[in-house]
Every structure is written in C-alpha cells, then in structure tokens.
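Read the structure below first, then the notes.
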Amino acid sequence: MQALIEIDRLNLFYGTFHALKNISMKIPEKAITAFIGPSGCGKSTLLRTLNRMNDMIPGTQIDGTVSIAGADIYGKDIDVETLRKKVGMVFQQPNPFPKSIYDNVAYGPRLHGITSRQKLDEIVENSLRGAALWNEVKDHLKRSAFSLSGGQQQRLCIARALAVEPDILLMDEATSALDPISTLKIEELAQELKERYTIVMVTHNMHQAARVSNQTVFFLNGEVVEYSETEKLFSNPEDQRTEDYISGRFG
Amino acid sequence: MNPVKKDQAAGNRRLRFPKHIREEWYGRVYAYFCVTLLIVTIVSIVWFIASKGLNPFLSGAVSVPELLFGRTWSPESEPPLFGALPFLAGSISVSLLAAVLAAPFGFCAAVFMTQIAPKVGRRFLQPAIELLAGIPSVVYGFVGLSVIVPFLRNNFTGQGFGILAGTLVLSVMILPTITSIATDALSNLQAGLKEGSFALGATRWQTIYRLILPTTFPSLLTGVVLGISRAFGEALAVQMVIGNAPHVPRSLLESAATLTSIITLEMGNTVGGSLHNNVLWSLALILLIMTFLFVFTVRMLERRAGR
C-alpha cells in the first residue's frame, strides 16, 4: 500500500507546552488508521495538523513537515481552504448546521462555487447514499437537520464532508457522543468508506480501533510509542507500555 | 404525661416548622409581594393612560379615524382639529430610517468584535459602545443641534431641522442596542458550528455570511426591533433637532414632528381635563400600543430564534 500522508519529525507547541514530540509516520491510502492513547496524549492534535485546524488556536508553533500526496501542507504555496476541501473532518459532537438536511450537504459544494440545482441534487443524493443516510431522509430533505437523531446527525456530518469530494476523512472521536447502535452503524460505514477514502480516526475506545482499523498508532505524552498493523499491535505489542495500555492497566 | 412524651411533643412542634421551611415561606411571600406590586403598577399605568386617552373618543369630540388620519393639527382653532397623522408619519419615518442606518453598522461592529478581533473588541469597542448607551439623550440632542443641524443647513436646502437630522441622531442612539444584542447572539453561537464550516474549506468571510449571519438572523432582527422601539419612544433628542412643525413631511430636510416631541412640547401648555390635554393622552396611548406591538414582535422573533 502506498503512503498518502507522510509526517517527518513533526514537533508542535501550544505556547510553551510541547504537545507533539518528534513524530514521523507514513499513513497508507485507502485504509483506516486509528490513533489511540489516553487523554491529552496528542492524538487529536496530530489529527488536527492534517487539515490545519490547529492554525486557529493562537500560540501554536509547528516544526517538521507534513506532506499529503507529496506536497508539504505547511508550505508557502498551500491554500488552507483547498487543503481542507481535500481533507474532510468529522467532529466528536455532531455539528450539523441549523439548516435543512439538503442545505447541510450542499453547503460545501456551494462554497466551492457549484450553483446548478441539478448538480447539487446529484451531489446531495450521492453523499447521503455514501454516508448510508439516504434511505432514512430522502423523503424529507427539507426538514431541519436537528430533527434527526444523534447518530443520524453524525452520518449527516459525514455526508457533508463527502460532498466536497475529499481524499482523506479525519474522524475525531466521531462516535464517542453516540449510543452503541449508532456507533456500530458509523463503524460499518467507515469500513465501506475506506474503499474510496483514506480514513484517519482518533478513538478513546480501544475495541473500536481493534474492530475497524488496519493500522493502529499508540500515543503517549505526545510521542508515538508504537505503530503497526492493528492485529499485531493488539495481539503482540512490542512495547511494554502498549501492552499495559491495551490490557487496561492504565489510561 | 410522662416527661419523655412531653419532650417528644415539643420536638414535633419544632419539626413542623423548621428553619428551612420558614425561610422558604418568607422568600415566597416576599417574591409574591414584589410581583403583585409590579403587576399593580403596570395595570394602573395602562389603565390611567387608557382612561385619559380614550376620553376624547368616548365623549365624541374626536373620532379614531380623525385622529389617526387627520392631516391638520390645530388645537387652538375653532373648532379645534386634532389630526395626528403628521406625528405618526414623523415617528415612524425617523425610527425606521434610524434602524435602517444603524443596523448594518451594528451588525458589522458585532461581527468584528466576536469573529474578527475578539480581543480588541472586548477591550476597546465593547466599552465604547456601552458608553454610547450611557450618554443622556439631552446630550445627543445638543450635539445634533450644534453639529448635525448646522451641517445640514449649510450643505442642503432648508433649515437643517427635520427627519434627516432626527434620523442621524437616533441612529447613533440605537446603535448600542443593536450592537450589543447582535454581539450576544454571535458569541452564543453553538460550539463547533464555525469549525464545521472551516473544515469544509470555507474562508472566514464565507463562514460569516453563509452560516453565522443566517443562523443568528432572528436574534439580529430582535435587536433591530428593540432599536426601533427605543427610537420610537425617544422624545428629547428628537424634539431638539426635528423642528417640530406639525405637518406631514414631504422631504427629509423639512421640519417635522413626532408623537413624543409633540407630547413634551404641548403637555405643559394645556389644562388637565381639557380636550387638548386628553388628546395628548390619546397620543400617549398610541405610543403605548406601539410599544406593546414591538414587545410582541420581539417575543415572536425570540421564539423563532429559540428553535
């Protein structure tokens, strides 16, 4: 498998706090890579460097390179908006816009200049199908997004991200606010999506990482402790700390 | 009765009204007393204005259409004419125009303070705007009289007094209302909404006009309606710059009058209980009804915003 994202000696500081320490890794395309680790270990921070959402936090300093498909995303000639269009994100709390279901999905394409009704209809349908939500909402696309359940809202947010045709989908603990059945649906969806998208997910839930991901990265205090095939990491970890964590001895 | 039982009886009595129950009761009585007082005050004000203001209609001296649509106000003529259309037109036009003028400034200030430069906004702009709200209206009127009126007189036709001068003064006066309500609405935005938009590749400006403004629109409108309502009720500053000519204005630069300005001007020159005095109360009643309408509108908007 080819590496789509390459991180090379990345260091990140929030003010004086050293949040990510000398991180290097290659994330393969069209696969699910899971970041696990205890709270505050830097996994979400690393995820957010991939679409430069950390830019908005004042006092963030970055050193090292992150490249996607060969291009340094912190380079001078990179346009953050174009980057974020290519690297979609789903957040911990479902955050649909206070608009109709249709307008939520059409929001991204409209931003990027698509106005044709026919084209938008098509994108909305495809994205909702892609997020396994179409059959549940196709008869009331004009209803408010808030009329949906939490799990449906999260799948709507996935559809919204898919609508701008990203290559990469970042999921920042996307199921931690959901009930087990909705979680299962999102996990199944992730399995389908990895055929077409590169997925990087942060999860608090080790079992989730074990169930859905192809690669797993274990973080501790801003450092990568272990990065390997999911099966290997969970059955036969190399580092003692990884073993302690996955066997529930801390975290 | 043996001593043990006696003690128990005393204990029971104390238990029936322990301290926290008594405090609860005092608090409740005090709260009910205050609320009753408030309701009595409001009802008596409305009743007083209505009883005075309805008098001209009930006695048959003036009819409602005559008052609302009559174009001539001459209380001293024989028979006296009480047409309040000039004042209604004056009040409505200055308030609406002031809101139209102030709303874009207020929205932009709020967007700047919450989205673009929150630090500068909170530290400098917010206090400045609160200061604007604290300036007494006579000062606004005075500034209007000595700056805006001469400016209009020198640069346009007419004396400078009129709807335009009133509008300019009022728009500055209602700017704080519109701005602070818009600021509240924008800073109470649901967390994660902006991030969601940025994550789709939206620029800050796209996020503001495609997501933030539509989302907060009902609240922004609430601010505008409250601003209009404040402008509608403002008497002193407007009276100082509007010229107080009781005729329906044909241009922005022509002297005009408002409901409030005519009440403050003429109230002192009339005898209590006379027809002229009672008709002024009718104008006050119109103001009161308008205020109710504004409050009602704001309520409706808030309900829409709450959904």
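Letters A, B, ... mark the chains of the structure tokens in the order given; residue numbers begin at 1 per chain; ligand numbers begin at 1, in order shown.
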
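Within segment 190-241 of chain A, DSSP run on the backbone puts these residues in alpha helix (DSSP H): Ala190, Gln191, Glu192, Leu193, Met206, His207, Gln208, Ala209, Ala210, Arg211, Val212, Thr230, Glu231, Lys232, Leu233, Phe234, Ser235, Gln240 and Arg241 of chain A.
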
Residue hits in chain B, query chain A, radius 7 Å, only C-alpha atoms, as a VMD selection string: chain B and resid 192 to 193 196 199 to 203 215

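Here the question is which of B:Val169, B:Gly272, B:Phe198, B:Leu280 gets nearest to Met240 of chain B using only C-alpha atoms, and that residue is B:Val169.
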
All strand (DSSP E or B) positions in segment 29-234 of chain A, as number ranges by chain: A: 32-36, 60-68, 71-72, 87-90, 100, 144, 168-172, 198-202, 215-220, 223-229

Atoms kept (C-alpha atoms) for selection, written as a short mmCIF file (atom, residue, chain, number, x, y, z; two decimals), in the first residue's frame:
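Resulting contents of selection19.cif:
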```
data_model
loop_
_atom_site.label_atom_id
_atom_site.label_comp_id
_atom_site.auth_asym_id
_atom_site.auth_seq_id
_atom_site.Cartn_x
_atom_site.Cartn_y
_atom_site.Cartn_z
CA ILE A 32 -8.24 3.06 8.22
CA THR A 33 -5.56 4.24 10.58
CA ALA A 34 -6.54 4.60 14.22
CA PHE A 35 -4.86 6.84 16.79
CA ILE A 36 -5.27 5.57 20.32
CA THR A 60 0.57 27.10 18.03
CA GLN A 61 4.02 26.52 16.59
CA ILE A 62 4.95 23.79 14.20
CA ASP A 63 8.26 22.45 13.09
CA GLY A 64 8.93 19.50 10.78
CA THR A 65 6.95 18.55 7.71
CA VAL A 66 3.58 17.05 6.97
CA SER A 67 3.02 16.16 3.37
CA ILE A 68 -0.05 14.83 1.67
CA ALA A 71 3.02 18.26 -1.11
CA ASP A 72 4.08 19.93 2.15
CA VAL A 87 -9.08 16.58 3.93
CA GLY A 88 -12.57 16.35 5.38
CA MET A 89 -13.26 16.16 9.08
CA VAL A 90 -15.95 14.75 11.35
CA SER A 100 -32.24 21.77 6.27
CA SER A 144 -34.20 20.74 9.77
CA ILE A 168 -8.94 11.88 3.29
CA LEU A 169 -11.53 11.73 6.05
CA LEU A 170 -10.48 12.61 9.58
CA MET A 171 -12.72 11.32 12.36
CA ASP A 172 -12.06 12.93 15.72
CA THR A 198 -8.17 7.30 3.37
CA ILE A 199 -9.53 7.40 6.90
CA VAL A 200 -7.68 8.54 9.98
CA MET A 201 -9.63 8.18 13.20
CA VAL A 202 -8.94 9.18 16.76
CA GLN A 215 -3.15 0.25 11.31
CA THR A 216 -3.04 1.49 14.86
CA VAL A 217 -0.81 4.13 16.36
CA PHE A 218 -0.41 4.26 20.12
CA PHE A 219 0.43 7.68 21.58
CA LEU A 220 1.69 8.58 25.00
CA GLU A 223 5.11 10.63 21.41
CA VAL A 224 4.39 7.68 19.19
CA VAL A 225 5.05 4.58 21.24
CA GLU A 226 4.10 2.01 18.70
CA TYR A 227 2.78 1.95 15.16
CA SER A 228 1.92 -1.27 13.45
CA GLU A 229 -0.75 -3.43 11.86
#
```

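For the pair atom CA of Ile263 of chain B and atom CA of Val279 of chain B, the interatomic distance is 9.6 Å.
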
Neighbour list for Phe48 of chain B as a PyMOL selection string, cut-off 10 Å, only C-alpha atoms, skip fewer than 6 positions in-chain: chain B and resi 42+54+281+285

Shell around Ala3 of chain A at 7 Å using only C-alpha atoms, local window under 5 positions removed, as a list in words: Lys26, Ile27, Pro28 and Glu29 of chain A

12 Å contact set for Ser274 of chain B, only C-alpha atoms, chain neighbours under 2 positions out, as a VMD selection string: chain B and resid 52 to 53 55 to 56 59 61 75 to 76 80 267 269 to 272 276 to 281

Those residues with N, CA and C atoms, as a PDB file, in the first residue's frame please?
```
ATOM      1  N   LYS B  52     -57.590  58.260  30.264  1.00  0.00           N
ATOM      2  CA  LYS B  52     -57.414  59.632  29.772  1.00  0.00           C
ATOM      3  C   LYS B  52     -57.457  59.650  28.240  1.00  0.00           C
ATOM      4  N   GLY B  53     -56.739  58.713  27.648  1.00  0.00           N
ATOM      5  CA  GLY B  53     -56.567  58.746  26.202  1.00  0.00           C
ATOM      6  C   GLY B  53     -57.818  58.368  25.437  1.00  0.00           C
ATOM      7  N   ASN B  55     -60.801  59.116  26.445  1.00  0.00           N
ATOM      8  CA  ASN B  55     -61.810  60.131  26.734  1.00  0.00           C
ATOM      9  C   ASN B  55     -62.296  60.917  25.516  1.00  0.00           C
ATOM     10  N   PRO B  56     -61.384  61.448  24.692  1.00  0.00           N
ATOM     11  CA  PRO B  56     -61.842  62.212  23.514  1.00  0.00           C
ATOM     12  C   PRO B  56     -62.739  61.401  22.594  1.00  0.00           C
ATOM     13  N   SER B  59     -66.202  60.705  24.505  1.00  0.00           N
ATOM     14  CA  SER B  59     -67.059  61.886  24.595  1.00  0.00           C
ATOM     15  C   SER B  59     -67.504  62.343  23.208  1.00  0.00           C
ATOM     16  N   ALA B  61     -65.813  63.898  20.940  1.00  0.00           N
ATOM     17  CA  ALA B  61     -65.191  65.124  20.442  1.00  0.00           C
ATOM     18  C   ALA B  61     -64.311  64.840  19.228  1.00  0.00           C
ATOM     19  N   PRO B  75     -55.009  72.744  17.613  1.00  0.00           N
ATOM     20  CA  PRO B  75     -55.831  72.638  18.820  1.00  0.00           C
ATOM     21  C   PRO B  75     -56.475  73.961  19.200  1.00  0.00           C
ATOM     22  N   GLU B  76     -55.939  75.098  18.675  1.00  0.00           N
ATOM     23  CA  GLU B  76     -56.441  76.404  19.102  1.00  0.00           C
ATOM     24  C   GLU B  76     -57.537  76.930  18.188  1.00  0.00           C
ATOM     25  N   PRO B  80     -61.456  73.084  17.126  1.00  0.00           N
ATOM     26  CA  PRO B  80     -60.095  72.559  17.118  1.00  0.00           C
ATOM     27  C   PRO B  80     -59.972  71.301  16.263  1.00  0.00           C
ATOM     28  N   MET B 267     -47.652  69.391  26.399  1.00  0.00           N
ATOM     29  CA  MET B 267     -48.261  68.939  27.643  1.00  0.00           C
ATOM     30  C   MET B 267     -48.319  70.054  28.681  1.00  0.00           C
ATOM     31  N   ASN B 269     -48.540  73.195  28.288  1.00  0.00           N
ATOM     32  CA  ASN B 269     -49.346  74.363  27.940  1.00  0.00           C
ATOM     33  C   ASN B 269     -50.842  74.076  27.969  1.00  0.00           C
ATOM     34  N   THR B 270     -51.202  72.864  28.402  1.00  0.00           N
ATOM     35  CA  THR B 270     -52.631  72.553  28.387  1.00  0.00           C
ATOM     36  C   THR B 270     -53.125  72.391  29.810  1.00  0.00           C
ATOM     37  N   VAL B 271     -54.437  72.527  29.965  1.00  0.00           N
ATOM     38  CA  VAL B 271     -55.053  72.379  31.281  1.00  0.00           C
ATOM     39  C   VAL B 271     -55.520  70.937  31.417  1.00  0.00           C
ATOM     40  N   GLY B 272     -55.209  70.323  32.536  1.00  0.00           N
ATOM     41  CA  GLY B 272     -55.635  68.958  32.770  1.00  0.00           C
ATOM     42  C   GLY B 272     -57.143  68.813  32.609  1.00  0.00           C
ATOM     43  N   HIS B 276     -57.755  69.248  24.613  1.00  0.00           N
ATOM     44  CA  HIS B 276     -56.390  69.246  24.086  1.00  0.00           C
ATOM     45  C   HIS B 276     -55.498  68.318  24.920  1.00  0.00           C
ATOM     46  N   ASN B 277     -55.596  68.459  26.248  1.00  0.00           N
ATOM     47  CA  ASN B 277     -54.812  67.624  27.151  1.00  0.00           C
ATOM     48  C   ASN B 277     -55.151  66.148  26.948  1.00  0.00           C
ATOM     49  N   ASN B 278     -56.443  65.856  26.847  1.00  0.00           N
ATOM     50  CA  ASN B 278     -56.848  64.457  26.687  1.00  0.00           C
ATOM     51  C   ASN B 278     -56.366  63.867  25.367  1.00  0.00           C
ATOM     52  N   VAL B 279     -56.362  64.704  24.308  1.00  0.00           N
ATOM     53  CA  VAL B 279     -55.894  64.186  23.022  1.00  0.00           C
ATOM     54  C   VAL B 279     -54.407  63.854  23.097  1.00  0.00           C
ATOM     55  N   LEU B 280     -53.653  64.662  23.865  1.00  0.00           N
ATOM     56  CA  LEU B 280     -52.242  64.313  24.058  1.00  0.00           C
ATOM     57  C   LEU B 280     -52.122  62.953  24.730  1.00  0.00           C
ATOM     58  N   TRP B 281     -53.030  62.662  25.651  1.00  0.00           N
ATOM     59  CA  TRP B 281     -53.043  61.329  26.268  1.00  0.00           C
ATOM     60  C   TRP B 281     -53.356  60.254  25.230  1.00  0.00           C
TER      61      TRP B 281
END
```

Residue among B:Leu189, B:Ile163, B:Arg299, B:Leu236 lying closest to Ile92 of chain B, counting only C-alpha atoms: B:Ile163

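From atom CA of Gly42 of chain A back to atom CA of Phe17 of chain A, the distance works out to 11.2 Å.
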
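Between atom CA of Gly70 of chain B and atom CA of Ala235 of chain B the separation is 22.0 Å.
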
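Distance annotation: of A:Ile181, A:Ile114, A:Ile101, A:Leu193, the residue with the minimal separation from His140 of chain A is A:Ile101; atom set is only C-alpha atoms.
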